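Source file: model_31.tsv (TSV, C-alpha atoms)
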chain	number	residue	atom	x	y	z
N	1	MET	CA	-31.37	-13.45	-26.22
N	2	VAL	CA	-30.60	-12.15	-22.71
N	3	LYS	CA	-30.07	-8.38	-22.76
N	4	LEU	CA	-29.42	-7.97	-19.02
N	5	VAL	CA	-26.89	-10.50	-17.74
N	6	CYS	CA	-26.29	-9.48	-14.13
N	7	ILE	CA	-27.03	-7.14	-11.25
N	8	ALA	CA	-24.45	-6.83	-8.48
N	9	ILE	CA	-24.62	-4.78	-5.28
N	10	TYR	CA	-21.46	-3.70	-3.48
N	11	ARG	CA	-20.31	-1.61	-0.57
N	12	GLN	CA	-17.55	0.72	-1.60
N	13	ASP	CA	-14.87	1.03	1.09
N	14	GLY	CA	-12.16	3.68	1.20
N	15	ASN	CA	-13.69	6.20	-1.21
N	16	ILE	CA	-13.80	9.16	1.15
N	17	ARG	CA	-15.07	12.45	-0.15
N	18	GLU	CA	-12.73	15.24	0.91
N	19	GLU	CA	-14.07	18.74	0.83
N	20	ILE	CA	-11.47	21.43	0.42
N	21	LYS	CA	-12.59	25.02	0.01
N	22	ASP	CA	-10.29	27.16	-2.04
N	23	THR	CA	-10.10	30.93	-2.15
N	24	LYS	CA	-13.23	31.06	-4.29
N	25	ASN	CA	-15.12	28.89	-1.80
N	26	ILE	CA	-15.56	26.10	-4.36
N	27	VAL	CA	-15.71	22.53	-3.07
N	28	LYS	CA	-13.15	20.22	-4.64
N	29	GLU	CA	-13.36	16.45	-4.50
N	30	THR	CA	-10.19	14.37	-4.36
N	31	ALA	CA	-10.20	10.58	-4.42
N	32	GLU	CA	-7.86	9.91	-7.34
N	33	ASP	CA	-5.11	8.16	-5.42
N	34	LYS	CA	-7.11	6.50	-2.66
N	35	GLU	CA	-7.29	2.72	-2.43
N	36	VAL	CA	-10.92	1.77	-2.94
N	37	ARG	CA	-12.35	-1.71	-2.48
N	38	ALA	CA	-15.78	-3.05	-3.42
N	39	LEU	CA	-17.29	-5.74	-1.18
N	40	MET	CA	-20.05	-7.74	-2.86
N	41	ILE	CA	-23.27	-7.90	-0.85
N	42	CYS	CA	-25.55	-9.76	-3.27
N	43	GLN	CA	-25.95	-10.56	-6.96
N	44	VAL	CA	-28.10	-12.21	-9.59
N	45	ASN	CA	-27.12	-13.29	-13.09
N	46	ASP	CA	-28.44	-14.97	-16.21
N	47	MET	CA	-25.69	-16.44	-18.35
N	48	SER	CA	-28.01	-18.54	-20.52
N	49	SER	CA	-26.97	-16.63	-23.66
N	50	PHE	CA	-23.50	-18.16	-23.39
N	51	SER	CA	-22.75	-21.71	-24.44
N	52	TYR	CA	-22.16	-24.34	-21.78
N	53	PHE	CA	-18.43	-24.32	-22.55
N	54	THR	CA	-17.97	-20.53	-22.27
N	55	ARG	CA	-20.51	-19.77	-19.52
N	56	SER	CA	-18.14	-20.12	-16.56
N	57	LYS	CA	-15.43	-18.02	-18.22
N	58	ALA	CA	-17.95	-15.34	-19.22
N	59	ARG	CA	-19.29	-15.13	-15.66
N	60	GLU	CA	-15.79	-14.66	-14.23
N	61	PHE	CA	-14.80	-11.92	-16.66
N	62	ILE	CA	-18.13	-10.10	-16.33
N	63	PHE	CA	-17.99	-10.03	-12.52
N	64	PHE	CA	-14.34	-9.04	-12.65
N	65	GLY	CA	-15.37	-6.08	-14.80
N	66	CYS	CA	-18.21	-5.27	-12.39
N	67	ARG	CA	-15.90	-4.98	-9.40
N	68	GLN	CA	-13.26	-2.97	-11.26
N	69	THR	CA	-15.90	-0.57	-12.56
N	70	CYS	CA	-17.51	-0.16	-9.12
N	71	GLU	CA	-14.17	0.54	-7.43
N	72	ARG	CA	-13.44	3.29	-9.95
N	73	THR	CA	-16.78	5.06	-9.83
N	74	PRO	CA	-16.61	8.15	-7.57
N	75	LEU	CA	-19.14	8.70	-4.83
N	76	ALA	CA	-22.48	10.12	-5.99
N	77	GLU	CA	-21.67	9.41	-9.63
N	78	ARG	CA	-22.61	6.93	-12.34
N	79	LEU	CA	-20.47	5.42	-15.03
N	80	SER	CA	-20.85	3.31	-18.18
N	81	VAL	CA	-17.88	1.37	-19.57
N	82	GLY	CA	-17.07	-1.69	-21.67
N	83	SER	CA	-17.41	-4.54	-19.15
N	84	GLY	CA	-14.27	-6.38	-20.19
N	85	TYR	CA	-16.03	-9.21	-22.02
N	86	LYS	CA	-17.05	-8.93	-25.67
N	87	ASP	CA	-19.58	-6.12	-26.32
N	88	TYR	CA	-21.27	-6.02	-22.92
N	89	ILE	CA	-21.54	-2.72	-21.04
N	90	ALA	CA	-21.20	-2.24	-17.28
N	91	HIS	CA	-23.34	0.54	-15.79
N	92	SER	CA	-22.30	1.56	-12.29
N	93	MET	CA	-23.88	3.84	-9.68
N	94	VAL	CA	-22.49	4.77	-6.26
N	95	ARG	CA	-24.43	6.64	-3.59
N	96	TYR	CA	-22.92	9.21	-1.22
N	97	ASP	CA	-22.86	6.59	1.56
N	98	GLY	CA	-20.93	4.01	-0.50
N	99	LEU	CA	-23.79	1.63	-1.32
N	100	ALA	CA	-23.24	0.81	-4.98
N	101	GLY	CA	-24.54	-1.30	-7.82
N	102	VAL	CA	-23.50	-2.49	-11.27
N	103	VAL	CA	-25.65	-3.93	-14.04
N	104	VAL	CA	-24.22	-5.48	-17.19
N	105	THR	CA	-26.23	-5.26	-20.41
N	106	ASP	CA	-25.78	-5.62	-24.15
N	107	GLU	CA	-24.87	-2.54	-26.20
N	108	GLU	CA	-28.46	-1.83	-27.27
N	109	TYR	CA	-29.91	-1.69	-23.76
N	110	PRO	CA	-31.04	1.90	-22.97
N	111	LYS	CA	-28.79	3.52	-20.39
N	112	ASP	CA	-31.61	5.43	-18.70
N	113	MET	CA	-33.44	2.18	-17.93
N	114	ALA	CA	-30.23	0.52	-16.71
N	115	TYR	CA	-29.79	3.34	-14.21
N	116	GLN	CA	-33.44	3.26	-13.22
N	117	LEU	CA	-33.03	-0.44	-12.43
N	118	LEU	CA	-29.89	0.28	-10.42
N	119	TYR	CA	-31.62	3.00	-8.44
N	120	LEU	CA	-34.51	0.69	-7.55
N	121	VAL	CA	-32.34	-2.29	-6.60
N	122	ILE	CA	-29.95	-0.20	-4.46
N	123	ARG	CA	-32.92	1.41	-2.73
N	124	ASP	CA	-34.57	-1.94	-2.03
N	125	VAL	CA	-31.36	-3.56	-0.74
N	126	ASP	CA	-30.92	-0.67	1.68
N	127	THR	CA	-34.55	-0.93	2.82
N	128	LYS	CA	-34.58	-4.72	3.23
N	129	LEU	CA	-31.24	-4.81	5.07
N	130	GLN	CA	-32.27	-1.78	7.17
N	131	GLY	CA	-28.81	-0.29	6.77
N	132	LYS	CA	-27.04	-3.45	8.02
N	133	TRP	CA	-25.01	-3.57	4.79
N	134	ARG	CA	-22.70	-1.05	6.47
N	135	LYS	CA	-21.56	-3.72	8.95
N	136	VAL	CA	-21.09	-6.58	6.48
N	137	SER	CA	-17.54	-7.93	6.82
N	138	LYS	CA	-17.52	-10.84	4.37
N	139	GLU	CA	-18.20	-11.11	0.67
N	140	SER	CA	-21.60	-12.59	-0.19
N	141	LYS	CA	-22.95	-13.85	-3.51
N	142	VAL	CA	-26.46	-14.52	-2.23
N	143	SER	CA	-29.23	-14.02	-4.81
N	144	PRO	CA	-32.33	-12.42	-3.19
N	145	PRO	CA	-35.67	-13.34	-4.83
N	146	PHE	CA	-36.63	-9.68	-5.33
N	147	MET	CA	-33.45	-9.15	-7.37
N	148	GLU	CA	-34.25	-12.23	-9.45
N	149	THR	CA	-37.62	-10.61	-10.19
N	150	TYR	CA	-35.97	-7.36	-11.27
N	151	LEU	CA	-33.59	-9.32	-13.51
N	152	LYS	CA	-36.50	-10.99	-15.29
N	153	GLU	CA	-38.73	-7.91	-15.50
N	154	TYR	CA	-36.04	-5.65	-16.95
N	155	GLN	CA	-35.00	-8.08	-19.70
N	156	ASP	CA	-37.41	-6.12	-21.87
N	157	PRO	CA	-36.92	-2.47	-20.84
N	158	GLN	CA	-39.56	-1.30	-23.33
N	159	LYS	CA	-42.22	-2.92	-21.17
N	160	MET	CA	-41.11	-1.14	-18.02
N	161	ASP	CA	-42.46	2.30	-17.17
N	162	LYS	CA	-39.95	5.12	-17.12
N	163	LYS	CA	-40.36	6.66	-13.68
N	164	GLY	CA	-39.96	10.41	-14.08
N	165	GLN	CA	-39.20	11.17	-10.44
N	166	ILE	CA	-36.47	8.54	-10.34
N	167	GLN	CA	-35.00	9.71	-13.65
N	168	GLU	CA	-34.81	13.23	-12.23
N	169	LYS	CA	-32.84	12.01	-9.21
N	170	ILE	CA	-30.55	9.91	-11.38
N	171	GLY	CA	-29.96	12.86	-13.70
N	172	ALA	CA	-28.60	14.85	-10.77
N	173	LEU	CA	-25.67	12.42	-10.51
N	174	ARG	CA	-22.60	13.21	-12.56
N	175	TYR	CA	-22.26	10.82	-15.51
N	176	GLN	CA	-19.14	9.44	-17.18
N	177	LEU	CA	-18.80	7.31	-20.31
N	178	LYS	CA	-15.63	5.29	-20.85
N	179	GLY	CA	-14.69	3.03	-23.74
N	180	ASN	CA	-12.99	0.28	-21.75
N	181	LEU	CA	-11.38	-0.62	-18.42
N	182	HIS	CA	-8.02	0.83	-19.49
N	183	GLU	CA	-9.57	4.30	-19.39
N	184	LEU	CA	-10.61	3.75	-15.75
N	185	LEU	CA	-7.17	2.89	-14.42
N	186	ARG	CA	-5.74	5.19	-11.76
N	187	ARG	CA	-2.27	6.64	-12.00
N	188	GLY	CA	0.35	3.88	-11.80
N	189	GLU	CA	-2.12	1.00	-12.24
N	190	ASP	CA	-1.53	-1.75	-14.77
N	191	LEU	CA	-4.41	-3.96	-15.95
N	192	ASP	CA	-2.16	-7.01	-16.33
N	193	ASP	CA	-1.20	-6.72	-12.64
N	194	ILE	CA	-4.84	-6.31	-11.61
N	195	VAL	CA	-5.82	-9.42	-13.58
N	196	GLY	CA	-2.92	-11.35	-12.07
N	197	ASN	CA	-3.84	-10.43	-8.50
N	198	THR	CA	-7.64	-10.57	-8.59
N	199	GLU	CA	-9.58	-13.35	-6.87
N	200	ASP	CA	-12.49	-12.89	-9.29
N	201	LEU	CA	-10.67	-14.86	-12.00
N	202	SER	CA	-9.54	-18.47	-11.87
N	203	GLU	CA	-6.07	-19.46	-13.02
N	204	THR	CA	-7.67	-20.84	-16.19
N	205	ALA	CA	-9.36	-17.49	-16.90
N	206	LYS	CA	-6.12	-15.60	-16.25
N	207	ALA	CA	-4.28	-17.86	-18.68
N	208	PHE	CA	-7.04	-17.31	-21.23
N	209	TYR	CA	-6.69	-13.52	-20.77
N	210	ALA	CA	-2.93	-13.68	-21.34
N	211	GLN	CA	-3.31	-15.86	-24.42
N	212	SER	CA	-6.12	-13.73	-25.85
N	213	LYS	CA	-4.10	-10.57	-25.35
N	214	LYS	CA	-1.24	-12.04	-27.40
N	215	HIS	CA	-3.60	-12.67	-30.28
N	216	ASN	CA	-5.79	-9.59	-29.83
N	217	GLN	CA	-8.86	-11.75	-29.35
N	218	CYS	CA	-11.96	-12.06	-27.16
N	219	CYS	CA	-11.42	-9.53	-24.40
N	220	LYS	CA	-11.38	-6.52	-26.70
N	221	SER	CA	-13.08	-4.33	-24.10
N	222	PHE	CA	-9.92	-4.59	-22.01

Can I see the file as structure tokens?
Amino acid sequence: MVKLVCIAIYRQDGNIREEIKDTKNIVKETAEDKEVRALMICQVNDMSSFSYFTRSKAREFIFFGCRQTCERTPLAERLSVGSGYKDYIAHSMVRYDGLAGVVVTDEEYPKDMAYQLLYLVIRDVDTKLQGKWRKVSKESKVSPPFMETYLKEYQDPQKMDKKGQIQEKIGALRYQLKGNLHELLRRGEDLDDIVGNTEDLSETAKAFYAQSKKHNQCCKSF
């Protein structure tokens, strides 16, 4: 049984941190109403746990949830939320510079190891691209070999060493836990409209979403 189904790296565009000092000299951060977009840089996935007939649909919904979660994670924060497909959880982390990552796991996967994996992959992508990810203009779904290795190694998190120094850095990032994608929506957003307009879902998947919603089935994380 695959516990870790995908790792996706994005560049978050439009999430600008505004620093406003009030009379008490406290820094406030405002990004609530800004339009944020996540551009995929690379990804790896293992959908072998899904049947042949549901694999394509599962991949679409999971990556849809990845992008939506990434776009709604503030800079220098991490977030865990129902991915939008069955009981899978999306764990998202965004650095101060907008380089971001999302991993999707089953419910039992330890969150601290999911974030350790994210930290390592984001770091390695930055190192290998030598910062060129900042200039990427087109979406890419390339699957780098080193990310494939991470995907395989972290299938069993109990066998991976917990790196104390990394955990300390991760712990410094603000953490949020949300039950589903509805709880991530910004003011005025409607999930049905987002599903209807997204390019991450095929027309078949969108029709499946609409039908499932009528019968309260499948996409319960939505």

Inset, instruction - Work out how far apart CA of Val103 in chain N and CA of Cys6 in chain N are and give it in Å to one decimal. - result: 5.6 Å

Legend entry - Gap from CA of Leu173 in chain N to CA of Ala76 in chain N - Å, one decimal: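 Pair CA of Leu173 in chain N / CA of Ala76 in chain N returns 6.0 Å.
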
Legend entry - Best match for closeness to Asn197 in chain N among N:Val44, N:Arg11, N:Asp106, N:Phe64, counting all atoms listed in the file: N:Phe64

Inset, instruction - Calculate how many Å separate CA of Asp193 in chain N from CA of Met47 in chain N, rounding to one decimal. - result: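 Value for the CA of Asp193 in chain N-CA of Met47 in chain N distance: 27.0 Å.
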
Inset, instruction - Write out as a ChimeraX atom specification which residues come within 10 Å of Pro144 in chain N when counting all atoms listed in the file, dropping same-chain ones fewer than 3 positions away. - result: /N:42-44,125,141,147-149

Legend entry - Counting all atoms listed in the file, the residue of N:Ala38, N:Met160, N:Ile62, N:Ala172 that sits nearest Ala100 in chain N: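 Going through N:Ala38, N:Met160, N:Ile62, N:Ala172 one by one, the smallest distance to Ala100 in chain N is for N:Ala38.
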
Inset, instruction - Counting all atoms listed in the file, figure out which residue out of N:Thr105, N:Gln176, N:Asn45, N:Gln165 gets nearest to Tyr85 in chain N. - result: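 Counting all atoms listed in the file, the residue closest to Tyr85 in chain N is N:Thr105.
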
Inset, instruction - Rank nothing, just name the residue among N:Ser83, N:Arg78, N:Ser212, N:Ile9 nearest to Arg123 in chain N, using all atoms listed in the file. - result: N:Ile9

Residues within 6 Å of Val36 in chain N, please, as a tab-separated table (two decimals) with C-alpha atoms, in the frame of the given file. Count only C-alpha atoms; anything in the same chain fewer than 4 positions from it doesn't count.
chain	number	residue	atom	x	y	z
N	13	ASP	CA	-14.87	1.03	1.09
N	14	GLY	CA	-12.16	3.68	1.20
N	15	ASN	CA	-13.69	6.20	-1.21
N	71	GLU	CA	-14.17	0.54	-7.43

Inset, instruction - Compare N:Arg37, N:Arg67, N:Lys206, N:Lys178 by their minimum atom-to-atom distance to Ile7 in chain N, counting all atoms listed in the file, and give me the closest one. - result: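 Checking each candidate against Ile7 in chain N, we get N:Arg67 as the closest.
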
Legend entry - Nearest to Leu191 in chain N, chosen from N:Ser56, N:Gln68, N:Gln12, N:Gln211, with all atoms listed in the file counted in the distances: N:Gln68

Using the incomplete input, complete range 62-73 of chain N to the level of all heavy atoms; output as a short mmCIF file (atom, residue, chain, number, x, y, z; two decimals), keeping the file's coordinate frame.
data_model
loop_
_atom_site.label_atom_id
_atom_site.label_comp_id
_atom_site.auth_asym_id
_atom_site.auth_seq_id
_atom_site.Cartn_x
_atom_site.Cartn_y
_atom_site.Cartn_z
N ILE N 62 -17.10 -11.13 -16.52
CA ILE N 62 -18.13 -10.10 -16.33
C ILE N 62 -18.12 -9.59 -14.90
O ILE N 62 -18.18 -8.38 -14.65
CB ILE N 62 -19.51 -10.64 -16.74
CG1 ILE N 62 -19.59 -10.70 -18.27
CG2 ILE N 62 -20.64 -9.77 -16.19
CD1 ILE N 62 -20.83 -11.39 -18.81
N PHE N 63 -18.00 -10.48 -13.91
CA PHE N 63 -17.99 -10.03 -12.52
C PHE N 63 -16.67 -9.36 -12.15
O PHE N 63 -16.63 -8.48 -11.30
CB PHE N 63 -18.32 -11.18 -11.57
CG PHE N 63 -19.80 -11.41 -11.43
CD1 PHE N 63 -20.42 -12.49 -12.02
CD2 PHE N 63 -20.59 -10.51 -10.71
CE1 PHE N 63 -21.79 -12.69 -11.91
CE2 PHE N 63 -21.96 -10.69 -10.59
CZ PHE N 63 -22.56 -11.78 -11.19
N PHE N 64 -15.60 -9.76 -12.82
CA PHE N 64 -14.34 -9.04 -12.65
C PHE N 64 -14.51 -7.60 -13.12
O PHE N 64 -14.12 -6.65 -12.43
CB PHE N 64 -13.23 -9.73 -13.47
CG PHE N 64 -11.97 -8.91 -13.61
CD1 PHE N 64 -11.09 -8.78 -12.55
CD2 PHE N 64 -11.67 -8.26 -14.81
CE1 PHE N 64 -9.93 -8.02 -12.68
CE2 PHE N 64 -10.51 -7.51 -14.95
CZ PHE N 64 -9.64 -7.40 -13.87
N GLY N 65 -15.13 -7.43 -14.29
CA GLY N 65 -15.37 -6.08 -14.80
C GLY N 65 -16.30 -5.28 -13.91
O GLY N 65 -16.11 -4.07 -13.72
N CYS N 66 -17.29 -5.95 -13.31
CA CYS N 66 -18.21 -5.27 -12.39
C CYS N 66 -17.46 -4.66 -11.21
O CYS N 66 -17.66 -3.49 -10.86
CB CYS N 66 -19.26 -6.25 -11.86
SG CYS N 66 -20.58 -6.67 -13.00
N ARG N 67 -16.62 -5.47 -10.58
CA ARG N 67 -15.90 -4.98 -9.40
C ARG N 67 -14.94 -3.84 -9.76
O ARG N 67 -14.87 -2.82 -9.05
CB ARG N 67 -15.13 -6.11 -8.74
CG ARG N 67 -14.59 -5.72 -7.35
CD ARG N 67 -13.67 -6.78 -6.77
NE ARG N 67 -14.31 -8.09 -6.70
CZ ARG N 67 -15.06 -8.49 -5.68
NH1 ARG N 67 -15.27 -7.68 -4.65
NH2 ARG N 67 -15.58 -9.71 -5.66
N GLN N 68 -14.21 -4.01 -10.86
CA GLN N 68 -13.26 -2.97 -11.26
C GLN N 68 -13.98 -1.66 -11.57
O GLN N 68 -13.51 -0.58 -11.24
CB GLN N 68 -12.44 -3.44 -12.46
CG GLN N 68 -11.60 -4.68 -12.22
CD GLN N 68 -10.66 -4.53 -11.04
OE1 GLN N 68 -10.00 -3.50 -10.88
NE2 GLN N 68 -10.60 -5.55 -10.21
N THR N 69 -15.13 -1.76 -12.23
CA THR N 69 -15.90 -0.57 -12.56
C THR N 69 -16.44 0.10 -11.29
O THR N 69 -16.36 1.32 -11.13
CB THR N 69 -17.09 -0.92 -13.48
OG1 THR N 69 -16.58 -1.54 -14.66
CG2 THR N 69 -17.87 0.32 -13.87
N CYS N 70 -16.96 -0.71 -10.37
CA CYS N 70 -17.51 -0.16 -9.12
C CYS N 70 -16.42 0.56 -8.32
O CYS N 70 -16.64 1.66 -7.81
CB CYS N 70 -18.12 -1.29 -8.28
SG CYS N 70 -18.82 -0.73 -6.71
N GLU N 71 -15.25 -0.05 -8.23
CA GLU N 71 -14.17 0.54 -7.43
C GLU N 71 -13.67 1.85 -8.01
O GLU N 71 -13.07 2.66 -7.30
CB GLU N 71 -13.01 -0.46 -7.32
CG GLU N 71 -13.33 -1.66 -6.44
CD GLU N 71 -12.20 -2.67 -6.34
OE1 GLU N 71 -11.23 -2.55 -7.14
OE2 GLU N 71 -12.28 -3.56 -5.49
N ARG N 72 -13.94 2.09 -9.29
CA ARG N 72 -13.44 3.29 -9.95
C ARG N 72 -14.53 4.31 -10.26
O ARG N 72 -14.29 5.28 -10.96
CB ARG N 72 -12.68 2.88 -11.22
CG ARG N 72 -11.36 2.22 -10.89
CD ARG N 72 -10.81 1.37 -12.00
NE ARG N 72 -9.53 0.79 -11.60
CZ ARG N 72 -9.41 -0.26 -10.78
NH1 ARG N 72 -10.50 -0.85 -10.31
NH2 ARG N 72 -8.21 -0.71 -10.43
N THR N 73 -15.70 4.09 -9.70
CA THR N 73 -16.78 5.06 -9.83
C THR N 73 -16.80 5.95 -8.59
O THR N 73 -16.96 5.45 -7.48
CB THR N 73 -18.15 4.36 -9.97
OG1 THR N 73 -18.10 3.44 -11.08
CG2 THR N 73 -19.26 5.37 -10.20
#
